[in-house]
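S.K.: For reference, the structure I am asking about is given below.
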Amino acid sequence: MVQTVVDDLRESYASITSKLQQEVSSMQDFTHTVKGEWNIHMGKTETHYSEVTASVESGKRALEEALQHWNGMEANQVVRAQLSSAATSSLDDLDVANRNLLCSIEDSLKLYNEAVETLIRWLIPAVMI
């Protein structure tokens with residue numbers, strides 16, 4: 001009778017261990033997938049930021065070159081207006097890029113929170129068994 005109880009306990013422990021290993025494996029797969037998506041997302045974000053920065057620098061250089069070619073007060077006023085417009089446009093582009101980055105970060109945080117919630121939902125029942 002004691003042997004039967006011991007055998008039942010061993011079988012129950014083996015079943016729980018197997019289920020827990022399956023859950024851990026599933027979470028590892030899920031974590032790997034989320035990490036891959038995060039890396040792709042961050043790569044795109046970094047690329048977009050680099051493109052915007054390069055565009056701003058290119059515009060800045062173009063305006064600096066144009067400024068060197070102009071002579072006289074009227075020409076300086078025109079260039080000043082263009083520089084102001086370019087700066088405003090660049091700041092607007094930067095604001096858009098920052099909003100996009102913030103949205104990306106919020107989306108990534110949401111994915112992370114969902115992953116944590118899923119992990120908790122999977123692990124709590126396994127631990128309670």
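Quick note on naming: the chains in the structure tokens go A, B, ... in the order shown, residues restart at 1 in each chain, and ligands are numbered from 1 in order of appearance.
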Give me, as an MDAnalysis selection string, all polymer residues having an atom no more than 10 Å from segment 24-33 of chain A, counting only C-alpha atoms and skipping those fewer than 6 positions away in the same chain.

M.R.: chainID A and resid 18 39 112 115:116 118:119 122:123

S.K.: Each residue of segment 19-81 of chain A with at least one atom at most 8 Å from segment 86-99 of chain A should appear once, together with its nearest atom pair and the corresponding distance in Å (one decimal); atoms considered: only C-alpha atoms; ordering: chain, then increasing residue number; output as JSON lines.

M.R.:
{"residue": "A:His48", "atom": "CA", "partner": "A:Ala97", "partner_atom": "CA", "distance": 7.8}
{"residue": "A:Tyr49", "atom": "CA", "partner": "A:Ala97", "partner_atom": "CA", "distance": 6.9}
{"residue": "A:Val52", "atom": "CA", "partner": "A:Leu94", "partner_atom": "CA", "distance": 7.3}
{"residue": "A:Val56", "atom": "CA", "partner": "A:Ser90", "partner_atom": "CA", "distance": 6.0}
{"residue": "A:Gly59", "atom": "CA", "partner": "A:Ala86", "partner_atom": "CA", "distance": 7.2}
{"residue": "A:Lys60", "atom": "CA", "partner": "A:Ala86", "partner_atom": "CA", "distance": 7.9}

S.K.: For Ile120 of chain A, which of A:Trp38, A:Gln82, A:Glu23, A:Thr4 is the closest residue, counting only C-alpha atoms?

M.R.: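 Residue with the minimum atom-to-atom distance to Ile120 of chain A: A:Glu23.
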